[in-house]
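Novice: Below is one structure. I have some questions about it.
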Amino acid sequence: MEVVWAVGQVGAVWVAAVLGLIVLPSALGISLGISEAYMWVLVKTLEWATIRLQTGAKKPLPQPPRTPTANGIIERDETPMEKEIALLHRADFEFSHIFYFCRKGFEAIVEDEVTQRFSSEELLSWNLLTRTNVNFHYISLRLTVVWVIGVIVRYCFLLPLRFTLAAIGITSMIVGTTVVGQLPNSSVKNYLSEVVHLTCSRILVRALSGTIHYHNKENRPQKGGICVANHTSPIDAIILTNDGCYAMVGQVHGGLMGIIQRATVKACPHVWFERSEMKDRHLVTKRLREHVADKSKLPILIFPEGTCINNTSVMMFKKGSFEIGGTIYPVAIKYDPQFGDAFWNSSKYNIVSYLLRIMTSWAIVCNVWYLPPMVRKEDEDAVQFANRVRSAIARQGGLTELPWDGGLKRAKVKDTFKEEQQKNYSKMLVRNGSVG
């Protein structure tokens with residue numbers, strides 16, 4: 001009984017400290033300086049570790065990753081098919097021609113710009129989180145001791161603290177939106193809904209040890225508009241709702257996410273679709289247009305890439321978001337990988353593993369830029385408008401702009417692409433008299 005009583009007392013003190021020192025200040029939108037002090041110590045520690053690496057490493061430290069500049073999948077000299085095959089033998093059909101197509105196939109999957117964007121961003125120096133690089137296996141005893149202390153701090157203190165904050169934030173979101181959702185539609189209900197969303201988002205940001213710098217707040221999305229942003233992580237939505245409320249758009253889920261969706265939609269006009277509805281593009285467009293037409297509703301938050309990219313690039317924006325009409329409010333989000341990798345590689349990690357990685361990182365640090373609102377020009381189609389918005393986001397965030405569809409990381413090669421190469425080869429044979 002004494003052990004149970006002692007555990008209960010420790011738990012009570014822990015919850016009281018979390019509520020008094022973190023949750024309450026977060027709800028009020030104030031800071032006691034704890035996060036700032038933690039970040040100062042963290043920055044100084046990482047600076048010291050970097051100096052130790054530079055002075056103690058026996059091998060040269062890794063160089064910054066080269067950023068491709070070409071618009072093609074692979075940066076290399078393009079040679080016409082006829083010329084390359086002629087170098088192999090001659091333009092008539094030969095079995096040796098297969099080597100040309102094999103090489104092209106290997107080039108399409110090795111070191112290409114698309115697949116590189118779905119692996120974690122490379123760091124210039126070790127951030128005391130992993131030991132995956134051979135240069136960082138052992139540098140000095142002091143650095144190893146600091147790394148061990150960091151593991152203890154992250155898993156024995158930060159992880160329980162962040163889990164507690166996340167549980168409080170999610171529970172408050174479900175309870176708060178459920179209660180507000182029982183009220184009749186009015187300005188009071190809308191105000192209380194925004195208060196609940198902002199308060200819970202601030203708590204969840206503290207659960208990530210988030211340090212977010214918002215720039216150009218005068219350009220924040222307004223009601224009746226559409227906010228579009230580059231997509232790195234599922235926490236992008238939390239990062240943005242920490243500074244303002246949005247109506248979310250997405251597919252209906254099950255489990256805990258489904259409970260949150262059903263609770264929040266009662267208090268806020270989020271737009272959730274069933275799986276079968278998501279395939280009906282006309283239905284989706286119709287519901288989004290109805291939402292935008294009501295200037296009293298919150299701005300819609302959309303990630304037009306449709307998948308997470310690794311914080312180095314912006315890939316093709318799907319045109320559907322730009323066919324709706326209304327004002328587009330672009331937002332650029334750029335994370336600092338030195339403190340933690342925010343990118344979610346959904347092909348490699350499930351959501352639980354990803355959240356565990358996030359909650360055991362040092363912190364989530366990012367910059368958010370609100371860009372001036374943009375409208376579609378009269379002589380501009382949806383694709384051109386989407387490309388113009390994407391270019392603005394890429395320039396502001398210092399991201400590489402790529403024309404490729406992010407869905408390529410999961411989709412198979414389209415038959416039309418293969419047929420195009422077959423047609424080119426057959427035309428070459430016909431021209432040279434090998435056929436007919």
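If you're wondering about the labels, chains in the structure tokens are A, B, ... by order shown, residues count from 1 in each chain, ligands from 1 in order shown.
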Counting only C-alpha atoms, what are the residues of stretch 219-264 of chain A within 10 Å of stretch 391-408 of chain A, and for each of them which pair of atoms is the nearest and at what distance in Å, to one decimal? Sort the table by chain and rising number, as a Markdown table.
Specialist:
```
| residue | atom | partner | partner_atom | distance |
| --- | --- | --- | --- | --- |
| A:Val228 | CA | A:Ile393 | CA | 9.3 |
| A:Ala229 | CA | A:Ile393 | CA | 7.5 |
| A:Asn230 | CA | A:Ile393 | CA | 7.4 |
```
Novice: Find the residues around stretch 145-152 of chain A up to 12 Å (only C-alpha atoms counted), leave out those fewer than 2 positions away in its own chain, and share them as a ChimeraX atom specification.
Specialist: /A:42,45-46,48-49,52,126-131,136-143,154-160,360-362
Novice: Which residues are near A:Ser201? Cut-off 8 Å, only C-alpha atoms, ignore same chain within fewer than 4 positions. Put them as a ChimeraX atom specification.
Specialist: /A:169,197,205,238-239,241-242
Novice: Would you put the residues from that selection into a file with N, CA, C and O atoms, as a PDB file, in the first residue's frame?
Specialist:
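part-v7.pdb, freshly written:
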```
ATOM      1  N   GLY A 169      -3.741  17.015 -24.730  1.00  0.00           N
ATOM      2  CA  GLY A 169      -4.185  17.778 -25.888  1.00  0.00           C
ATOM      3  C   GLY A 169      -5.259  17.073 -26.683  1.00  0.00           C
ATOM      4  O   GLY A 169      -6.270  17.687 -27.069  1.00  0.00           O
ATOM      5  N   HIS A 197      -9.889  24.772 -30.677  1.00  0.00           N
ATOM      6  CA  HIS A 197      -8.892  24.313 -31.644  1.00  0.00           C
ATOM      7  C   HIS A 197      -7.536  24.963 -31.402  1.00  0.00           C
ATOM      8  O   HIS A 197      -6.494  24.284 -31.427  1.00  0.00           O
ATOM      9  N   VAL A 205       1.582  21.309 -29.830  1.00  0.00           N
ATOM     10  CA  VAL A 205       2.885  21.823 -30.258  1.00  0.00           C
ATOM     11  C   VAL A 205       3.887  21.726 -29.124  1.00  0.00           C
ATOM     12  O   VAL A 205       5.062  21.385 -29.336  1.00  0.00           O
ATOM     13  N   ILE A 238      -0.933  20.742 -37.471  1.00  0.00           N
ATOM     14  CA  ILE A 238      -0.831  21.253 -36.103  1.00  0.00           C
ATOM     15  C   ILE A 238       0.024  22.515 -36.070  1.00  0.00           C
ATOM     16  O   ILE A 238      -0.272  23.471 -35.349  1.00  0.00           O
ATOM     17  N   ILE A 239       1.094  22.518 -36.874  1.00  0.00           N
ATOM     18  CA  ILE A 239       1.967  23.691 -36.935  1.00  0.00           C
ATOM     19  C   ILE A 239       1.180  24.921 -37.374  1.00  0.00           C
ATOM     20  O   ILE A 239       1.345  26.020 -36.819  1.00  0.00           O
ATOM     21  N   THR A 241      -2.322  25.293 -37.402  1.00  0.00           N
ATOM     22  CA  THR A 241      -3.452  25.620 -36.527  1.00  0.00           C
ATOM     23  C   THR A 241      -2.997  26.184 -35.192  1.00  0.00           C
ATOM     24  O   THR A 241      -3.815  26.687 -34.426  1.00  0.00           O
ATOM     25  N   ASN A 242      -1.719  26.113 -34.902  1.00  0.00           N
ATOM     26  CA  ASN A 242      -1.190  26.752 -33.700  1.00  0.00           C
ATOM     27  C   ASN A 242      -1.264  28.281 -33.799  1.00  0.00           C
ATOM     28  O   ASN A 242      -1.235  28.983 -32.788  1.00  0.00           O
TER      29      ASN A 242
END
```
Novice: For each of A:Gly340, A:Gly254, A:Gly306, A:Gly320, take the minimum atom-to-atom distance to A:Leu123, counting only C-alpha atoms, then give the residue where this is smallest.
Specialist: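 Going through A:Gly340, A:Gly254, A:Gly306, A:Gly320 one by one, the smallest distance to A:Leu123 is for A:Gly340.
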Novice: By how many Å are atom CA of A:Thr55 and atom CA of A:Asp336 apart?
Specialist: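 Atom CA of A:Thr55 sits 24.2 Å away from atom CA of A:Asp336.
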Novice: Write down as a PyMOL selection string the residues belonging to stretch 241-403 of chain A that are assigned strand (DSSP E or B) by DSSP computed on the backbone.
Specialist: chain A and resi 247-251+271-273+300-302+313-314+328-335+364-370+374+400-401
Novice: Mind giving me the straight-line distance from atom CA of A:Gly225 to atom CA of A:Gly244 in Å, one decimal?
Specialist: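 If I compute the distance from atom CA of A:Gly225 to atom CA of A:Gly244, I get 13.3 Å.
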Novice: Just the residues within 12 Å of A:Val180, please, counting only C-alpha atoms, with nothing from its chain fewer than 4 positions along; format it as a ChimeraX atom specification.
Specialist: /A:172-176,184-197,263-268
Novice: Smallest atom-to-atom distance to A:Ile328: which of A:Ala342, A:Met374, A:Ile364, A:Val292, using only C-alpha atoms?
Specialist: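 So, comparing all the options, the nearest one is A:Met374.
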Novice: Please provide the set of residues having any atom within 6 Å of A:Leu371, restricted to only C-alpha atoms, with same-chain residues fewer than 5 positions apart removed, written as a PDB file with N, CA and C atoms, in the first residue's frame.
Specialist:
```
ATOM      1  N   ASN A 219      -0.340  38.373 -43.939  1.00  0.00           N
ATOM      2  CA  ASN A 219      -0.835  37.588 -45.076  1.00  0.00           C
ATOM      3  C   ASN A 219      -1.552  36.313 -44.651  1.00  0.00           C
ATOM      4  N   PRO A 330      -0.966  31.087 -50.231  1.00  0.00           N
ATOM      5  CA  PRO A 330       0.162  30.138 -50.167  1.00  0.00           C
ATOM      6  C   PRO A 330       0.906  30.253 -48.831  1.00  0.00           C
ATOM      7  N   VAL A 331       1.385  29.113 -48.352  1.00  0.00           N
ATOM      8  CA  VAL A 331       2.173  29.057 -47.118  1.00  0.00           C
ATOM      9  C   VAL A 331       3.367  28.134 -47.358  1.00  0.00           C
TER      10      VAL A 331
END
```
